[in-house]
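Below: the structure, in structure tokens.
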There are 2 protein chains.
Amino acid sequence: MPKIEFWYEFASTYSYPACMRIEKVAADAGVSIEWKPFLLGPLLYEQMEIKDSPFNIYPVKGKYMWRDLERICSHLKLPLQRPDTFPHNTVRASRIAMVMTTDPQFQAHAADFSKGVYLANFGENRDISDEIVLSEVLIKIGADRNTIIEQARTDETKEKLRAQTDEARQKGLFGSPSFVVGEELFWGNDRLEQAIAFAQSQP
Amino acid sequence: MPKIEFWYEFASTYSYPACMRIEKVAADAGVSIEWKPFLLGPLLYEQMEIKDSPFNIYPVKGKYMWRDLERICSHLKLPLQRPDTFPHNTVRASRIAMVMTTDPQFQAHAADFSKGVYLANFGENRDISDEIVLSEVLIKIGADRNTIIEQARTDETKEKLRAQTDEARQKGLFGSPSFVVGEELFWGNDRLEQAIAFAQSQP
């Protein structure tokens with residue numbers, strides 16, 4: 001079965017629609033998804049020397065981005081509320097996602113958790129840096145909240161997330177969402193279909 | 001007839017495919033195009049404090065952009081040669097385009113000139129800051145080269161291009177290509193179809 005890597009940072013606006021729709025697009029095309037949460041912040045700092053979202057730093061572009069996202073979400077019938085805090089710190093959410101995407105006993109819930117976090121952030125204006133909010137997402141999807149949160153706090157998980165962010169850097173990522181198929185990188189919600197078609201075309 | 005404003009800076013990579021395909025996309029949809037050359041440099045400097053292309057300043061993103069453009073051009077069967085100099089100074093080309101897009105006696109050739117400049121820059125690796133190269137483009141499309149170049153050098157044309165760049169700033173532009181329909185701004189070659197559909201939907 002052809003495969004696509006889906007790289008995502010929870011603070012990323014355009015990753016919200018990408019995350020909400022990737023399962024259907026991939027399933028329709030017979031392509032399987034490898035879920036790869038990572039931290040974009042360190043890469044943006046290394047590459048651009050910025051410690052905030054480019055959409056905050058460059059307000060003219062930022063204003064456009066929110067309008068563009070509004071049109072995209074409206075088209076996809078996804079709820080959108082501009083978060084009071086943007087971007088949120090996503091380390092906790094990413095560590096939980098790291099556990100769920102790599103530990104076989106939780107993998108069945110990994111996609112639902114990631115979608116739940118994006119919905120909380122951009123659809124419901126909730127503080128996704130807060131462990132209570134993340135815990136509620138876990139409860140809602142019927143996952144084993146206590147075991148997962150405990151495992152997310154371990155040094156092993158912290159190290160796994162660091163290693164995954166290193167892998168993102170090594171693969172040339174500079175934004176989210178990104179899709180990787182073999183040596184080819186595709187960036188942006190706009191490129192999902194092209195990445196999926198490329199995966200299908202691979203022997 | 002529904003109308004779309006097509007805003008373009010000749011140094012912009014993604015504006016190359018946009019410029020080459022906009023006429024067909026718009027004609028198929030029954031939408032007319034207003035050609036709006038402008039200078040992106042001053043806006044990038046004001047908004048980002050940069051004096052070079054973001055793709056040069058941020059090489060990780062830049063590397064991706066060239067690969068992405070390669071895939072786009074290959075799909076559209078457009079020639080692509082990475083220019084030895086990037087970005088070129090586009091003031092002369094933009095002044096000529098300003099003349100051709102606004103003076104009724106030259107408007108019939110305006111689209112061909114703009115396509116010719118993009119082809120020279122990104123398809124043939126020619127120096128589009130050079131008046132001789134621009135002159136050759138004018139000859140190739142059968143335009144009245146001498147009159148146009150003379151008019152492009154006037155203070156009136158310089159002022160017109162400044163005013164058009166002011167209009168771009170006022171409309172919230174931060175990149176090229178951009179498409180404006182009424183109050184709505186769409187940015188990027190990717191958004192052409194969406195902008196055209198929006199123009200069609202307007203009363």
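Chain identifiers are assigned as A, B, and so on, following the order in which chains appear in the structure tokens; residues are numbered from 1 within each chain, and ligands are numbered from 1 in order of appearance.
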(message) Show me, as an MDAnalysis selection string, the residues of chain B whose atoms get within 12 Å of chain A, using only C-alpha atoms for the distance check.
(response) chainID B and resid 43:50 54:69 71:72 75 168:176 178 183:191 194:195 198
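For stretch 4-192 of chain B, backbone-based DSSP labels the following residues as strand (DSSP E or B): Ile4, Glu5, Phe6, Trp7, Tyr8, Ser32, Ile33, Glu34, Trp35, Lys36, Pro37, Ser178, Phe179, Val180, Val181, Glu184, Leu185, Phe186 and Trp187 of chain B.
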Take the residues from that selection and put them in a file with C-alpha atoms, as a compact mmCIF listing (two decimals), in the first residue's frame.
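Written output follows (part-v3.txt):
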# COMPACT_ATOMS: atom_id res chain seq x y z
CA ILE B 4 -10.46 39.92 -11.66
CA GLU B 5 -7.40 42.04 -10.94
CA PHE B 6 -4.18 40.17 -11.56
CA TRP B 7 -1.32 41.72 -9.55
CA TYR B 8 2.16 40.59 -10.53
CA SER B 32 -12.09 39.42 -17.67
CA ILE B 33 -8.61 40.26 -16.39
CA GLU B 34 -7.24 43.60 -15.34
CA TRP B 35 -3.44 43.36 -15.56
CA LYS B 36 -1.76 45.11 -12.63
CA PRO B 37 2.06 45.05 -12.61
CA SER B 178 -2.23 38.20 -6.04
CA PHE B 179 -5.77 38.32 -7.29
CA VAL B 180 -8.27 40.90 -6.15
CA VAL B 181 -12.02 40.65 -6.65
CA GLU B 184 -11.41 39.90 -1.46
CA LEU B 185 -7.70 39.19 -1.80
CA PHE B 186 -6.33 35.84 -2.99
CA TRP B 187 -2.61 35.12 -2.91
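Relative to atom CA of B:Leu76, atom CA of B:Arg21 is found at 8.6 Å.
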(request) Write out as a count of residues only all residues of stretch 5-201 of chain A that backbone DSSP assigns to alpha helix (DSSP H). (result) 110
(message) I'd like the neighbourhood of stretch 122-130 of chain A as JSON, numbers by chain, where a residue qualifies if any of its atoms comes within 12 Å (using only C-alpha atoms), though same-chain residues fewer than 5 positions away should be ignored.
(response) {"A": [10, 11, 12, 13, 14, 15, 16, 17, 19, 20, 66, 69, 70, 73, 74, 77, 78, 79, 80, 81, 82, 83, 84, 85, 86, 87, 88, 89, 90, 91, 92, 93, 94, 95, 96, 113, 114, 115, 116, 117, 135, 136, 137]}
Convert the current residue selection to file output with C-alpha atoms, as a PDB file, in the first residue's frame.
ATOM      1  CA  PHE A  10      -0.510  21.735  16.563  1.00  0.00           C
ATOM      2  CA  ALA A  11      -0.074  25.528  16.543  1.00  0.00           C
ATOM      3  CA  SER A  12      -0.221  25.657  12.750  1.00  0.00           C
ATOM      4  CA  THR A  13      -3.388  27.132  11.310  1.00  0.00           C
ATOM      5  CA  TYR A  14      -3.336  25.472   7.898  1.00  0.00           C
ATOM      6  CA  SER A  15      -2.610  22.114   9.540  1.00  0.00           C
ATOM      7  CA  TYR A  16      -6.094  22.245  11.047  1.00  0.00           C
ATOM      8  CA  PRO A  17      -7.991  21.713   7.748  1.00  0.00           C
ATOM      9  CA  CYS A  19      -5.625  17.156   9.661  1.00  0.00           C
ATOM     10  CA  MET A  20      -9.413  17.160   9.481  1.00  0.00           C
ATOM     11  CA  TRP A  66      -6.853  34.443   8.823  1.00  0.00           C
ATOM     12  CA  LEU A  69      -8.325  30.172   6.569  1.00  0.00           C
ATOM     13  CA  GLU A  70     -11.865  31.438   7.107  1.00  0.00           C
ATOM     14  CA  CYS A  73     -12.914  26.303   6.777  1.00  0.00           C
ATOM     15  CA  SER A  74     -16.180  27.677   5.462  1.00  0.00           C
ATOM     16  CA  LYS A  77     -17.778  23.303   6.847  1.00  0.00           C
ATOM     17  CA  LEU A  78     -15.274  23.316   9.718  1.00  0.00           C
ATOM     18  CA  PRO A  79     -15.883  25.562  12.732  1.00  0.00           C
ATOM     19  CA  LEU A  80     -13.341  28.378  13.065  1.00  0.00           C
ATOM     20  CA  GLN A  81     -12.763  30.711  15.992  1.00  0.00           C
ATOM     21  CA  ARG A  82      -9.684  32.835  15.984  1.00  0.00           C
ATOM     22  CA  PRO A  83      -7.822  31.801  19.163  1.00  0.00           C
ATOM     23  CA  ASP A  84      -7.348  34.473  21.828  1.00  0.00           C
ATOM     24  CA  THR A  85      -3.813  33.185  22.245  1.00  0.00           C
ATOM     25  CA  PHE A  86      -1.867  32.354  19.120  1.00  0.00           C
ATOM     26  CA  PRO A  87       0.255  30.378  18.958  1.00  0.00           C
ATOM     27  CA  HIS A  88      -0.211  28.232  22.045  1.00  0.00           C
ATOM     28  CA  ASN A  89       2.678  26.262  23.473  1.00  0.00           C
ATOM     29  CA  THR A  90       2.227  22.818  21.941  1.00  0.00           C
ATOM     30  CA  VAL A  91       4.894  20.784  23.722  1.00  0.00           C
ATOM     31  CA  ARG A  92       2.429  18.878  25.952  1.00  0.00           C
ATOM     32  CA  ALA A  93       0.006  18.153  23.121  1.00  0.00           C
ATOM     33  CA  SER A  94       2.867  17.008  20.898  1.00  0.00           C
ATOM     34  CA  ARG A  95       4.243  14.660  23.543  1.00  0.00           C
ATOM     35  CA  ILE A  96       0.836  13.043  23.953  1.00  0.00           C
ATOM     36  CA  PHE A 113      -6.631  12.850  19.331  1.00  0.00           C
ATOM     37  CA  SER A 114      -4.857  15.037  16.767  1.00  0.00           C
ATOM     38  CA  LYS A 115      -8.147  16.120  15.215  1.00  0.00           C
ATOM     39  CA  GLY A 116      -9.512  16.805  18.709  1.00  0.00           C
ATOM     40  CA  VAL A 117      -6.578  19.084  19.560  1.00  0.00           C
ATOM     41  CA  SER A 135      -7.188  15.403  29.060  1.00  0.00           C
ATOM     42  CA  GLU A 136     -10.738  16.275  28.023  1.00  0.00           C
ATOM     43  CA  VAL A 137      -9.883  15.533  24.416  1.00  0.00           C
TER      44      VAL A 137
END
Mind checking which residues fall within 9 Å of A:Ala110, counting only C-alpha atoms, ignoring those fewer than 5 positions away in the same chain, and posting them as a PDB file with C-alpha atoms, in the first residue's frame?
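Here's the written file selection27.pdb:
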ATOM      1  CA  TRP A  35       1.232  10.451  11.594  1.00  0.00           C
ATOM      2  CA  ALA A  97       0.534  12.754  20.175  1.00  0.00           C
ATOM      3  CA  MET A  98       4.013  11.226  20.107  1.00  0.00           C
ATOM      4  CA  VAL A  99       2.886   8.517  22.554  1.00  0.00           C
ATOM      5  CA  MET A 100      -0.305   7.827  20.669  1.00  0.00           C
ATOM      6  CA  THR A 101       1.247   7.677  17.210  1.00  0.00           C
ATOM      7  CA  THR A 102       4.055   5.337  18.230  1.00  0.00           C
ATOM      8  CA  LYS A 115      -8.147  16.120  15.215  1.00  0.00           C
TER       9      LYS A 115
END
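In this structure, atom CA of B:Pro2 sits 5.8 Å away from atom CA of B:Gln200.
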(request) Kindly give the distance, in Å, that separates atom CA of B:Ala152 and atom CA of B:Glu131, rounded to a single decimal. (result) 10.9 Å
(request) Considering only C-alpha atoms, return as JSON, numbers by chain whatever protein or nucleic-acid residues lie within 10 Å of B:Ala29, sequence-local ones (same chain, fewer than 5 positions apart) excluded. (result) {"B": [2, 23, 24, 193, 196, 197, 199, 200]}
Using all heavy atoms, can you export the residues from the last selection as a tab-separated table (two decimals), in the first residue's frame?
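Output below, filename result07.tsv:
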chain	number	residue	atom	x	y	z
B	2	PRO	N	-17.88	39.44	-15.22
B	2	PRO	CA	-17.13	39.45	-13.97
B	2	PRO	C	-15.66	39.80	-14.24
B	2	PRO	O	-15.14	39.50	-15.31
B	2	PRO	CB	-17.25	38.02	-13.45
B	2	PRO	CG	-18.24	37.33	-14.30
B	2	PRO	CD	-18.44	38.13	-15.54
B	23	GLU	N	-4.92	33.56	-18.61
B	23	GLU	CA	-5.83	33.92	-19.70
B	23	GLU	C	-6.83	32.80	-20.01
B	23	GLU	O	-8.03	33.04	-20.15
B	23	GLU	CB	-5.05	34.27	-20.96
B	23	GLU	CG	-4.35	35.61	-20.87
B	23	GLU	CD	-3.39	35.82	-22.02
B	23	GLU	OE1	-2.40	35.04	-22.09
B	23	GLU	OE2	-3.64	36.72	-22.84
B	24	LYS	N	-6.31	31.57	-20.10
B	24	LYS	CA	-7.20	30.46	-20.42
B	24	LYS	C	-8.21	30.19	-19.29
B	24	LYS	O	-9.41	30.01	-19.54
B	24	LYS	CB	-6.40	29.19	-20.71
B	24	LYS	CG	-7.29	28.00	-21.02
B	24	LYS	CD	-6.57	26.83	-21.65
B	24	LYS	CE	-7.45	25.56	-21.65
B	24	LYS	NZ	-8.88	25.78	-21.92
B	193	GLU	N	-7.84	29.60	-9.27
B	193	GLU	CA	-9.16	29.03	-9.54
B	193	GLU	C	-10.20	29.52	-8.54
B	193	GLU	O	-11.35	29.80	-8.89
B	193	GLU	CB	-9.11	27.49	-9.52
B	193	GLU	CG	-8.55	26.86	-10.79
B	193	GLU	CD	-7.04	27.01	-10.96
B	193	GLU	OE1	-6.37	27.46	-9.99
B	193	GLU	OE2	-6.53	26.70	-12.04
B	196	ILE	N	-11.12	33.10	-9.38
B	196	ILE	CA	-11.98	33.15	-10.57
B	196	ILE	C	-13.41	32.72	-10.21
B	196	ILE	O	-14.38	33.35	-10.62
B	196	ILE	CB	-11.40	32.22	-11.67
B	196	ILE	CG1	-10.07	32.78	-12.20
B	196	ILE	CG2	-12.41	31.99	-12.78
B	196	ILE	CD1	-10.18	33.89	-13.21
B	197	ALA	N	-13.52	31.67	-9.42
B	197	ALA	CA	-14.84	31.20	-9.01
B	197	ALA	C	-15.56	32.27	-8.19
B	197	ALA	O	-16.77	32.48	-8.34
B	197	ALA	CB	-14.73	29.89	-8.21
B	199	ALA	N	-15.07	35.50	-8.46
B	199	ALA	CA	-15.48	36.55	-9.40
B	199	ALA	C	-16.79	36.16	-10.11
B	199	ALA	O	-17.70	36.99	-10.26
B	199	ALA	CB	-14.38	36.80	-10.42
B	200	GLN	N	-16.87	34.90	-10.50
B	200	GLN	CA	-18.09	34.42	-11.17
B	200	GLN	C	-19.32	34.51	-10.28
B	200	GLN	O	-20.44	34.72	-10.76
B	200	GLN	CB	-17.93	32.95	-11.58
B	200	GLN	CG	-17.08	32.72	-12.82
B	200	GLN	CD	-17.01	31.24	-13.13
B	200	GLN	OE1	-16.60	30.43	-12.29
B	200	GLN	NE2	-17.40	30.86	-14.33
(message) Considering only C-alpha atoms, can you say which of A:Gly142, A:Pro177, A:Gly30, A:Gly41 comes closest to A:Lys3?
(response) A:Gly30
